[in-house]
Amino acid sequence: MISVRPSWDEYFIDIVELVKKRSTCLRRQVGALIVKDKRILTTGYNGPPVNCKHCMETGCLRDELNIPSGQRHEICRAVHAEQNAIVQAAYSGISVKNGTIYVTAQPCVLCAKMIINAGIEKIVFKGDYPDTLAMELLKEAGVRVVKFEERHEHYTPL
C-alpha cells in the first residue's frame, strides 16, 4: 500500500496541531510554528510568561468577567502562540525575516502587528478568529495570508 506523502503545508500544519497541545489556556489552545526554507525555526503555544503560574492553576480572568473572544487581551495571563514563537526566535538569535508562520487560528491584531514587524512574509492558518483589523493590517502590509483547507488539500488565498 502506498501512502500519500503530505505537502509541506500539510506537514507543518500537522506539527502545529501537536504544538498547541502544550497550551495551558482554558479558552483556546493555539500553536504556532515559524519556518524558513522548509526548516523549522521555532514553535510557540499560548501560555503564561516563563516562571509564572498557568491559567489551569489560577483560573481565567477573562472567563470570570465574561469577556468575548477577541477582546481585552491585556488582562490575559497568556502570551499568544505567535508571540511566543517570535520571542523564542529573538531569544535564540534567529532571524524570522522572510519566513512563514503556521498557526492553528487566524492571528489577532496584536500578533498581526508583531508578525508584520518581524518581517514574516506569509501566514498559513487553520481556524478562524474574530478580528477583521488584523486581516486589514496584514493585507495593507503585504503579508500573504492563506487559510489551510484540510479536506481538499489546497489553500484559499485571502
# chains A, B, ... in the order shown; residues from 1 in each chain; ligands from 1
>>> residues_around(residues="Asp9 (chain A)", least_positions_apart="3", cutoff="9 Å", atoms="only C-alpha atoms", output="CSV table (one decimal) with C-alpha atoms, in the first residue's frame")
chain,number,residue,atom,x,y,z
A,6,PRO,CA,1.9,15.2,2.8
A,12,PHE,CA,3.8,21.9,9.1
A,13,ILE,CA,0.1,22.2,10.0
A,14,ASP,CA,0.2,18.7,11.4
A,102,TYR,CA,1.8,28.3,10.6
A,124,VAL,CA,-0.9,29.8,6.9
A,148,PHE,CA,-5.4,26.0,5.2
>>> closest_atom_pairs(of="region 69-126 of chain A", to="region 23-46 of chain A", cutoff="9 Å", atoms="only C-alpha atoms", output="tab-separated table")
residue	atom	partner	partner_atom	distance
A:Ser69	CA	A:Arg27	CA	8.7
A:Ala78	CA	A:Asn46	CA	5.9
A:Val79	CA	A:Asn46	CA	5.5
A:His80	CA	A:Asn46	CA	4.5
A:Ala81	CA	A:Tyr45	CA	3.8
A:Glu82	CA	A:Ala32	CA	5.5
A:Gln83	CA	A:Gly44	CA	7.5
A:Asn84	CA	A:Gly44	CA	4.8
A:Ala85	CA	A:Gly44	CA	4.3
A:Ile86	CA	A:Thr42	CA	7.6
A:Val87	CA	A:Gly44	CA	8.8
A:Gln88	CA	A:Thr42	CA	6.5
A:Ala89	CA	A:Thr42	CA	6.1
A:Ile94	CA	A:Leu41	CA	7.4
A:Ser95	CA	A:Leu41	CA	8.6
A:Val96	CA	A:Ile34	CA	7.2
A:Lys97	CA	A:Lys36	CA	8.5
A:Asn98	CA	A:Lys36	CA	7.1
A:Gly99	CA	A:Lys36	CA	4.6
A:Thr100	CA	A:Val35	CA	5.2
A:Ile101	CA	A:Ile34	CA	4.4
A:Tyr102	CA	A:Leu33	CA	5.1
A:Val103	CA	A:Ala32	CA	4.4
A:Thr104	CA	A:Val30	CA	5.6
A:Ala105	CA	A:Val30	CA	6.6
A:Ile120	CA	A:Ile34	CA	8.6
>>> atom_distance(atom1="CA of Val143 (chain A)", atom2="CA of Gly70 (chain A)")
20.9 Å
>>> closest_residue(among="A:Arg144, A:Arg62, A:Leu133, A:Arg22", to="Leu110 (chain A)", atoms="only C-alpha atoms")
A:Leu133
>>> residues_around(residues="Cys60 (chain A)", least_positions_apart="2", cutoff="10 Å", atoms="only C-alpha atoms", output="list of chain:residue names")
A:Cys25, A:Leu26, A:Arg27, A:His54, A:Cys55, A:Met56, A:Glu57, A:Thr58, A:Arg62, A:Asp63, A:Glu64, A:Leu65, A:Asn66, A:Ile75, A:Cys76, A:Arg77, A:Ala78
>>> write_last_selection(atoms="N, CA, C and O atoms", output="mmCIF file, in the first residue's frame")
data_model
loop_
_atom_site.group_PDB
_atom_site.id
_atom_site.type_symbol
_atom_site.label_atom_id
_atom_site.label_comp_id
_atom_site.auth_asym_id
_atom_site.auth_seq_id
_atom_site.Cartn_x
_atom_site.Cartn_y
_atom_site.Cartn_z
ATOM 1 N N CYS A 25 -4.000 27.263 28.166
ATOM 2 C CA CYS A 25 -5.126 28.193 28.113
ATOM 3 C C CYS A 25 -6.427 27.424 28.322
ATOM 4 O O CYS A 25 -6.622 26.352 27.747
ATOM 5 N N LEU A 26 -7.308 27.978 29.130
ATOM 6 C CA LEU A 26 -8.585 27.331 29.400
ATOM 7 C C LEU A 26 -9.625 27.611 28.322
ATOM 8 O O LEU A 26 -10.644 26.925 28.245
ATOM 9 N N ARG A 27 -9.397 28.629 27.484
ATOM 10 C CA ARG A 27 -10.384 29.033 26.489
ATOM 11 C C ARG A 27 -10.090 28.507 25.094
ATOM 12 O O ARG A 27 -10.997 28.098 24.383
ATOM 13 N N HIS A 54 0.291 29.028 35.470
ATOM 14 C CA HIS A 54 -0.567 28.754 34.316
ATOM 15 C C HIS A 54 -2.027 29.031 34.671
ATOM 16 O O HIS A 54 -2.424 28.961 35.827
ATOM 17 N N CYS A 55 -2.818 29.310 33.652
ATOM 18 C CA CYS A 55 -4.243 29.575 33.838
ATOM 19 C C CYS A 55 -4.949 28.378 34.476
ATOM 20 O O CYS A 55 -5.932 28.542 35.193
ATOM 21 N N MET A 56 -4.444 27.183 34.220
ATOM 22 C CA MET A 56 -5.012 25.985 34.839
ATOM 23 C C MET A 56 -4.902 26.056 36.362
ATOM 24 O O MET A 56 -5.693 25.466 37.076
ATOM 25 N N GLU A 57 -3.905 26.795 36.844
ATOM 26 C CA GLU A 57 -3.701 26.953 38.290
ATOM 27 C C GLU A 57 -4.458 28.155 38.851
ATOM 28 O O GLU A 57 -4.938 28.107 39.976
ATOM 29 N N THR A 58 -4.527 29.228 38.081
ATOM 30 C CA THR A 58 -5.081 30.486 38.605
ATOM 31 C C THR A 58 -6.518 30.747 38.184
ATOM 32 O O THR A 58 -7.195 31.582 38.781
ATOM 33 N N ARG A 62 -10.596 36.454 32.116
ATOM 34 C CA ARG A 62 -11.482 36.802 31.001
ATOM 35 C C ARG A 62 -12.768 35.977 31.052
ATOM 36 O O ARG A 62 -13.844 36.494 30.760
ATOM 37 N N ASP A 63 -12.668 34.717 31.459
ATOM 38 C CA ASP A 63 -13.872 33.895 31.639
ATOM 39 C C ASP A 63 -14.711 34.414 32.797
ATOM 40 O O ASP A 63 -15.926 34.524 32.696
ATOM 41 N N GLU A 64 -14.039 34.715 33.904
ATOM 42 C CA GLU A 64 -14.749 35.206 35.098
ATOM 43 C C GLU A 64 -15.517 36.491 34.801
ATOM 44 O O GLU A 64 -16.597 36.722 35.347
ATOM 45 N N LEU A 65 -14.970 37.339 33.927
ATOM 46 C CA LEU A 65 -15.603 38.613 33.576
ATOM 47 C C LEU A 65 -16.496 38.514 32.333
ATOM 48 O O LEU A 65 -17.015 39.526 31.869
ATOM 49 N N ASN A 66 -16.666 37.298 31.805
ATOM 50 C CA ASN A 66 -17.494 37.051 30.615
ATOM 51 C C ASN A 66 -17.077 37.912 29.423
ATOM 52 O O ASN A 66 -17.923 38.466 28.709
ATOM 53 N N ILE A 75 -5.699 41.753 29.727
ATOM 54 C CA ILE A 75 -5.904 41.189 31.072
ATOM 55 C C ILE A 75 -5.726 39.672 31.101
ATOM 56 O O ILE A 75 -5.964 39.033 32.111
ATOM 57 N N CYS A 76 -5.265 39.123 30.003
ATOM 58 C CA CYS A 76 -4.998 37.686 29.912
ATOM 59 C C CYS A 76 -3.576 37.403 30.387
ATOM 60 O O CYS A 76 -2.645 38.130 30.047
ATOM 61 N N ARG A 77 -3.391 36.341 31.143
ATOM 62 C CA ARG A 77 -2.060 35.947 31.625
ATOM 63 C C ARG A 77 -1.183 35.403 30.498
ATOM 64 O O ARG A 77 0.037 35.447 30.568
ATOM 65 N N ALA A 78 -1.810 34.879 29.470
ATOM 66 C CA ALA A 78 -1.079 34.151 28.435
ATOM 67 C C ALA A 78 -0.421 35.070 27.414
ATOM 68 O O ALA A 78 -0.916 36.138 27.092
#
>>> select_by_dssp(residues="chain A", states="strand (DSSP E or B)", output="CSV table (one decimal) with N, CA, C and O atoms, in the first residue's frame")
chain,number,residue,atom,x,y,z
A,31,GLY,N,-1.4,26.9,18.6
A,31,GLY,CA,0.0,26.6,18.3
A,31,GLY,C,0.5,27.4,17.1
A,31,GLY,O,-0.3,27.7,16.2
A,32,ALA,N,1.8,27.6,17.1
A,32,ALA,CA,2.4,28.4,16.0
A,32,ALA,C,3.8,27.7,15.7
A,32,ALA,O,4.4,27.2,16.6
A,33,LEU,N,4.2,27.9,14.5
A,33,LEU,CA,5.5,27.3,14.0
A,33,LEU,C,6.0,28.3,12.9
A,33,LEU,O,5.3,28.6,12.0
A,34,ILE,N,7.3,28.7,13.1
A,34,ILE,CA,7.9,29.6,12.1
A,34,ILE,C,8.9,28.7,11.3
A,34,ILE,O,9.7,28.0,11.9
A,35,VAL,N,8.8,28.9,10.0
A,35,VAL,CA,9.6,28.1,9.0
A,35,VAL,C,10.2,29.0,8.0
A,35,VAL,O,9.6,30.0,7.6
A,36,LYS,N,11.4,28.7,7.7
A,36,LYS,CA,12.1,29.4,6.5
A,36,LYS,C,12.9,28.3,5.7
A,36,LYS,O,13.6,27.5,6.3
A,39,ARG,N,12.6,24.7,6.8
A,39,ARG,CA,13.3,24.4,8.0
A,39,ARG,C,12.5,25.0,9.2
A,39,ARG,O,12.2,26.2,9.1
A,40,ILE,N,12.2,24.2,10.2
A,40,ILE,CA,11.6,24.8,11.4
A,40,ILE,C,12.5,25.6,12.2
A,40,ILE,O,13.6,25.2,12.5
A,41,LEU,N,12.1,26.9,12.4
A,41,LEU,CA,13.0,27.8,13.2
A,41,LEU,C,12.6,27.8,14.7
A,41,LEU,O,13.4,27.6,15.6
A,42,THR,N,11.3,28.0,15.0
A,42,THR,CA,10.8,28.0,16.3
A,42,THR,C,9.3,27.5,16.4
A,42,THR,O,8.6,27.5,15.4
A,43,THR,N,8.9,27.2,17.6
A,43,THR,CA,7.5,26.9,17.8
A,43,THR,C,7.0,27.8,19.0
A,43,THR,O,7.8,28.3,19.7
A,44,GLY,N,5.7,27.8,19.1
A,44,GLY,CA,5.1,28.6,20.3
A,44,GLY,C,3.7,28.1,20.5
A,44,GLY,O,3.0,27.7,19.6
A,45,TYR,N,3.3,28.2,21.7
A,45,TYR,CA,1.9,27.9,22.1
A,45,TYR,C,1.5,29.0,23.1
A,45,TYR,O,2.3,29.6,23.7
A,47,GLY,N,0.4,30.5,26.5
A,47,GLY,CA,0.6,30.2,27.9
A,47,GLY,C,1.2,31.4,28.6
A,47,GLY,O,1.6,32.3,27.9
A,79,VAL,N,0.7,34.6,26.9
A,79,VAL,CA,1.3,35.1,25.7
A,79,VAL,C,0.8,34.3,24.6
A,79,VAL,O,0.7,33.1,24.7
A,100,THR,N,7.7,31.9,7.1
A,100,THR,CA,6.3,31.6,7.1
A,100,THR,C,5.9,31.2,8.5
A,100,THR,O,6.7,30.4,9.1
A,101,ILE,N,4.8,31.7,9.0
A,101,ILE,CA,4.3,31.2,10.2
A,101,ILE,C,3.0,30.4,10.0
A,101,ILE,O,2.1,30.8,9.3
A,102,TYR,N,3.0,29.2,10.6
A,102,TYR,CA,1.8,28.3,10.6
A,102,TYR,C,1.1,28.5,11.9
A,102,TYR,O,1.8,28.4,13.0
A,103,VAL,N,-0.2,28.7,11.9
A,103,VAL,CA,-0.9,28.9,13.2
A,103,VAL,C,-2.2,28.1,13.1
A,103,VAL,O,-2.9,28.0,12.1
A,104,THR,N,-2.7,27.6,14.3
A,104,THR,CA,-3.9,26.9,14.3
A,104,THR,C,-5.1,27.8,14.3
A,104,THR,O,-6.3,27.3,14.2
A,105,ALA,N,-5.0,29.1,14.4
A,105,ALA,CA,-6.1,30.0,14.4
A,105,ALA,C,-5.6,31.3,13.7
A,105,ALA,O,-4.4,31.7,13.8
A,122,LYS,N,4.6,35.4,5.2
A,122,LYS,CA,3.4,34.5,4.9
A,122,LYS,C,2.9,33.9,6.1
A,122,LYS,O,3.6,33.5,7.0
A,123,ILE,N,1.5,33.8,6.2
A,123,ILE,CA,0.8,33.2,7.3
A,123,ILE,C,0.0,32.1,6.7
A,123,ILE,O,-0.8,32.3,5.7
A,124,VAL,N,0.0,30.9,7.2
A,124,VAL,CA,-0.9,29.8,6.9
A,124,VAL,C,-1.6,29.5,8.2
A,124,VAL,O,-1.0,29.1,9.2
A,125,PHE,N,-2.9,29.7,8.2
A,125,PHE,CA,-3.7,29.4,9.4
A,125,PHE,C,-4.8,28.5,9.2
A,125,PHE,O,-5.3,28.3,8.0
A,126,LYS,N,-5.3,27.9,10.2
A,126,LYS,CA,-6.3,26.8,10.1
A,126,LYS,C,-7.7,27.3,10.6
A,126,LYS,O,-8.6,27.1,9.9
A,127,GLY,N,-7.8,27.9,11.7
A,127,GLY,CA,-9.1,28.2,12.3
A,127,GLY,C,-9.3,29.7,12.3
A,127,GLY,O,-8.4,30.5,12.2
A,144,ARG,N,1.3,37.8,2.9
A,144,ARG,CA,0.4,36.8,2.3
A,144,ARG,C,-0.3,36.0,3.4
A,144,ARG,O,0.4,35.5,4.3
A,145,VAL,N,-1.6,35.9,3.3
A,145,VAL,CA,-2.4,35.2,4.3
A,145,VAL,C,-3.2,34.1,3.6
A,145,VAL,O,-3.9,34.4,2.6
A,146,VAL,N,-3.0,32.9,4.0
A,146,VAL,CA,-3.6,31.7,3.4
A,146,VAL,C,-4.3,30.9,4.4
A,146,VAL,O,-3.7,30.6,5.5
A,147,LYS,N,-5.6,30.6,4.1
A,147,LYS,CA,-6.3,29.7,5.0
A,147,LYS,C,-6.1,28.2,4.6
A,147,LYS,O,-6.4,27.9,3.4
A,148,PHE,N,-5.7,27.4,5.5
A,148,PHE,CA,-5.4,26.0,5.2
A,148,PHE,C,-6.8,25.3,5.1
A,148,PHE,O,-7.6,25.4,5.9
A,149,GLU,N,-7.0,24.6,4.0
A,149,GLU,CA,-8.2,23.8,3.7
A,149,GLU,C,-7.8,22.3,3.8
A,149,GLU,O,-7.2,21.7,2.9
A,154,HIS,N,-5.8,21.8,-0.5
A,154,HIS,CA,-5.4,23.1,-1.2
A,154,HIS,C,-5.7,24.2,-0.3
A,154,HIS,O,-6.3,24.1,0.8
A,155,TYR,N,-5.4,25.4,-0.7
A,155,TYR,CA,-5.5,26.6,0.2
A,155,TYR,C,-6.3,27.6,-0.5
A,155,TYR,O,-6.3,27.8,-1.8
A,156,THR,N,-7.0,28.4,0.2
A,156,THR,CA,-7.8,29.5,-0.3
A,156,THR,C,-7.1,30.8,0.0
A,156,THR,O,-7.0,31.2,1.2
A,157,PRO,N,-6.5,31.5,-1.0
A,157,PRO,CA,-5.8,32.8,-0.7
A,157,PRO,C,-6.9,33.8,-0.2
A,157,PRO,O,-8.0,33.8,-0.7
>>> decode(residues="region 57-85 of chain A", atoms="N, CA, C and O atoms", output="PDB file, in the first residue's frame")
ATOM      1  N   GLU A  57      -3.905  26.795  36.844  1.00  0.00           N
ATOM      2  CA  GLU A  57      -3.701  26.953  38.290  1.00  0.00           C
ATOM      3  C   GLU A  57      -4.458  28.155  38.851  1.00  0.00           C
ATOM      4  O   GLU A  57      -4.938  28.107  39.976  1.00  0.00           O
ATOM      5  N   THR A  58      -4.527  29.228  38.081  1.00  0.00           N
ATOM      6  CA  THR A  58      -5.081  30.486  38.605  1.00  0.00           C
ATOM      7  C   THR A  58      -6.518  30.747  38.184  1.00  0.00           C
ATOM      8  O   THR A  58      -7.195  31.582  38.781  1.00  0.00           O
ATOM      9  N   GLY A  59      -6.962  30.072  37.131  1.00  0.00           N
ATOM     10  CA  GLY A  59      -8.261  30.383  36.557  1.00  0.00           C
ATOM     11  C   GLY A  59      -8.101  31.438  35.479  1.00  0.00           C
ATOM     12  O   GLY A  59      -7.025  31.994  35.276  1.00  0.00           O
ATOM     13  N   CYS A  60      -9.191  31.729  34.790  1.00  0.00           N
ATOM     14  CA  CYS A  60      -9.170  32.663  33.676  1.00  0.00           C
ATOM     15  C   CYS A  60      -9.986  33.906  34.018  1.00  0.00           C
ATOM     16  O   CYS A  60     -11.208  33.827  34.155  1.00  0.00           O
ATOM     17  N   LEU A  61      -9.305  35.041  34.144  1.00  0.00           N
ATOM     18  CA  LEU A  61      -9.980  36.295  34.466  1.00  0.00           C
ATOM     19  C   LEU A  61     -10.952  36.691  33.357  1.00  0.00           C
ATOM     20  O   LEU A  61     -12.047  37.196  33.624  1.00  0.00           O
ATOM     21  N   ARG A  62     -10.596  36.454  32.116  1.00  0.00           N
ATOM     22  CA  ARG A  62     -11.482  36.802  31.001  1.00  0.00           C
ATOM     23  C   ARG A  62     -12.768  35.977  31.052  1.00  0.00           C
ATOM     24  O   ARG A  62     -13.844  36.494  30.760  1.00  0.00           O
ATOM     25  N   ASP A  63     -12.668  34.717  31.459  1.00  0.00           N
ATOM     26  CA  ASP A  63     -13.872  33.895  31.639  1.00  0.00           C
ATOM     27  C   ASP A  63     -14.711  34.414  32.797  1.00  0.00           C
ATOM     28  O   ASP A  63     -15.926  34.524  32.696  1.00  0.00           O
ATOM     29  N   GLU A  64     -14.039  34.715  33.904  1.00  0.00           N
ATOM     30  CA  GLU A  64     -14.749  35.206  35.098  1.00  0.00           C
ATOM     31  C   GLU A  64     -15.517  36.491  34.801  1.00  0.00           C
ATOM     32  O   GLU A  64     -16.597  36.722  35.347  1.00  0.00           O
ATOM     33  N   LEU A  65     -14.970  37.339  33.927  1.00  0.00           N
ATOM     34  CA  LEU A  65     -15.603  38.613  33.576  1.00  0.00           C
ATOM     35  C   LEU A  65     -16.496  38.514  32.333  1.00  0.00           C
ATOM     36  O   LEU A  65     -17.015  39.526  31.869  1.00  0.00           O
ATOM     37  N   ASN A  66     -16.666  37.298  31.805  1.00  0.00           N
ATOM     38  CA  ASN A  66     -17.494  37.051  30.615  1.00  0.00           C
ATOM     39  C   ASN A  66     -17.077  37.912  29.423  1.00  0.00           C
ATOM     40  O   ASN A  66     -17.923  38.466  28.709  1.00  0.00           O
ATOM     41  N   ILE A  67     -15.784  38.010  29.191  1.00  0.00           N
ATOM     42  CA  ILE A  67     -15.264  38.802  28.076  1.00  0.00           C
ATOM     43  C   ILE A  67     -15.285  37.946  26.812  1.00  0.00           C
ATOM     44  O   ILE A  67     -14.764  36.831  26.798  1.00  0.00           O
ATOM     45  N   PRO A  68     -15.888  38.464  25.736  1.00  0.00           N
ATOM     46  CA  PRO A  68     -15.961  37.689  24.481  1.00  0.00           C
ATOM     47  C   PRO A  68     -14.579  37.444  23.874  1.00  0.00           C
ATOM     48  O   PRO A  68     -13.633  38.202  24.105  1.00  0.00           O
ATOM     49  N   SER A  69     -14.508  36.407  23.063  1.00  0.00           N
ATOM     50  CA  SER A  69     -13.286  36.084  22.340  1.00  0.00           C
ATOM     51  C   SER A  69     -12.858  37.278  21.499  1.00  0.00           C
ATOM     52  O   SER A  69     -13.685  37.967  20.906  1.00  0.00           O
ATOM     53  N   GLY A  70     -11.552  37.541  21.461  1.00  0.00           N
ATOM     54  CA  GLY A  70     -11.017  38.624  20.649  1.00  0.00           C
ATOM     55  C   GLY A  70     -10.971  39.974  21.338  1.00  0.00           C
ATOM     56  O   GLY A  70     -10.559  40.952  20.735  1.00  0.00           O
ATOM     57  N   GLN A  71     -11.371  40.047  22.608  1.00  0.00           N
ATOM     58  CA  GLN A  71     -11.400  41.320  23.323  1.00  0.00           C
ATOM     59  C   GLN A  71     -10.583  41.260  24.608  1.00  0.00           C
ATOM     60  O   GLN A  71     -10.422  40.216  25.202  1.00  0.00           O
ATOM     61  N   ARG A  72     -10.079  42.426  25.006  1.00  0.00           N
ATOM     62  CA  ARG A  72      -9.376  42.629  26.276  1.00  0.00           C
ATOM     63  C   ARG A  72      -8.185  41.687  26.485  1.00  0.00           C
ATOM     64  O   ARG A  72      -7.984  41.114  27.554  1.00  0.00           O
ATOM     65  N   HIS A  73      -7.348  41.565  25.464  1.00  0.00           N
ATOM     66  CA  HIS A  73      -6.157  40.708  25.547  1.00  0.00           C
ATOM     67  C   HIS A  73      -5.243  41.114  26.699  1.00  0.00           C
ATOM     68  O   HIS A  73      -4.513  40.286  27.234  1.00  0.00           O
ATOM     69  N   GLU A  74      -5.263  42.382  27.056  1.00  0.00           N
ATOM     70  CA  GLU A  74      -4.320  42.892  28.055  1.00  0.00           C
ATOM     71  C   GLU A  74      -4.537  42.325  29.453  1.00  0.00           C
ATOM     72  O   GLU A  74      -3.635  42.395  30.289  1.00  0.00           O
ATOM     73  N   ILE A  75      -5.699  41.753  29.727  1.00  0.00           N
ATOM     74  CA  ILE A  75      -5.904  41.189  31.072  1.00  0.00           C
ATOM     75  C   ILE A  75      -5.726  39.672  31.101  1.00  0.00           C
ATOM     76  O   ILE A  75      -5.964  39.033  32.111  1.00  0.00           O
ATOM     77  N   CYS A  76      -5.265  39.123  30.003  1.00  0.00           N
ATOM     78  CA  CYS A  76      -4.998  37.686  29.912  1.00  0.00           C
ATOM     79  C   CYS A  76      -3.576  37.403  30.387  1.00  0.00           C
ATOM     80  O   CYS A  76      -2.645  38.130  30.047  1.00  0.00           O
ATOM     81  N   ARG A  77      -3.391  36.341  31.143  1.00  0.00           N
ATOM     82  CA  ARG A  77      -2.060  35.947  31.625  1.00  0.00           C
ATOM     83  C   ARG A  77      -1.183  35.403  30.498  1.00  0.00           C
ATOM     84  O   ARG A  77       0.037  35.447  30.568  1.00  0.00           O
ATOM     85  N   ALA A  78      -1.810  34.879  29.470  1.00  0.00           N
ATOM     86  CA  ALA A  78      -1.079  34.151  28.435  1.00  0.00           C
ATOM     87  C   ALA A  78      -0.421  35.070  27.414  1.00  0.00           C
ATOM     88  O   ALA A  78      -0.916  36.138  27.092  1.00  0.00           O
ATOM     89  N   VAL A  79       0.698  34.588  26.910  1.00  0.00           N
ATOM     90  CA  VAL A  79       1.350  35.141  25.739  1.00  0.00           C
ATOM     91  C   VAL A  79       0.824  34.297  24.581  1.00  0.00           C
ATOM     92  O   VAL A  79       0.741  33.071  24.684  1.00  0.00           O
ATOM     93  N   HIS A  80       0.448  34.938  23.479  1.00  0.00           N
ATOM     94  CA  HIS A  80      -0.104  34.196  22.352  1.00  0.00           C
ATOM     95  C   HIS A  80       0.955  33.330  21.686  1.00  0.00           C
ATOM     96  O   HIS A  80       2.155  33.596  21.774  1.00  0.00           O
ATOM     97  N   ALA A  81       0.504  32.282  21.002  1.00  0.00           N
ATOM     98  CA  ALA A  81       1.397  31.324  20.357  1.00  0.00           C
ATOM     99  C   ALA A  81       2.339  31.999  19.370  1.00  0.00           C
ATOM    100  O   ALA A  81       3.545  31.723  19.355  1.00  0.00           O
ATOM    101  N   GLU A  82       1.796  32.910  18.545  1.00  0.00           N
ATOM    102  CA  GLU A  82       2.609  33.607  17.555  1.00  0.00           C
ATOM    103  C   GLU A  82       3.663  34.471  18.246  1.00  0.00           C
ATOM    104  O   GLU A  82       4.820  34.527  17.811  1.00  0.00           O
ATOM    105  N   GLN A  83       3.262  35.139  19.304  1.00  0.00           N
ATOM    106  CA  GLN A  83       4.194  35.970  20.070  1.00  0.00           C
ATOM    107  C   GLN A  83       5.302  35.112  20.669  1.00  0.00           C
ATOM    108  O   GLN A  83       6.481  35.480  20.613  1.00  0.00           O
ATOM    109  N   ASN A  84       4.938  33.968  21.235  1.00  0.00           N
ATOM    110  CA  ASN A  84       5.945  33.079  21.818  1.00  0.00           C
ATOM    111  C   ASN A  84       6.916  32.563  20.765  1.00  0.00           C
ATOM    112  O   ASN A  84       8.121  32.457  21.025  1.00  0.00           O
ATOM    113  N   ALA A  85       6.435  32.245  19.569  1.00  0.00           N
ATOM    114  CA  ALA A  85       7.324  31.767  18.511  1.00  0.00           C
ATOM    115  C   ALA A  85       8.297  32.864  18.080  1.00  0.00           C
ATOM    116  O   ALA A  85       9.495  32.613  17.889  1.00  0.00           O
TER     117      ALA A  85
END
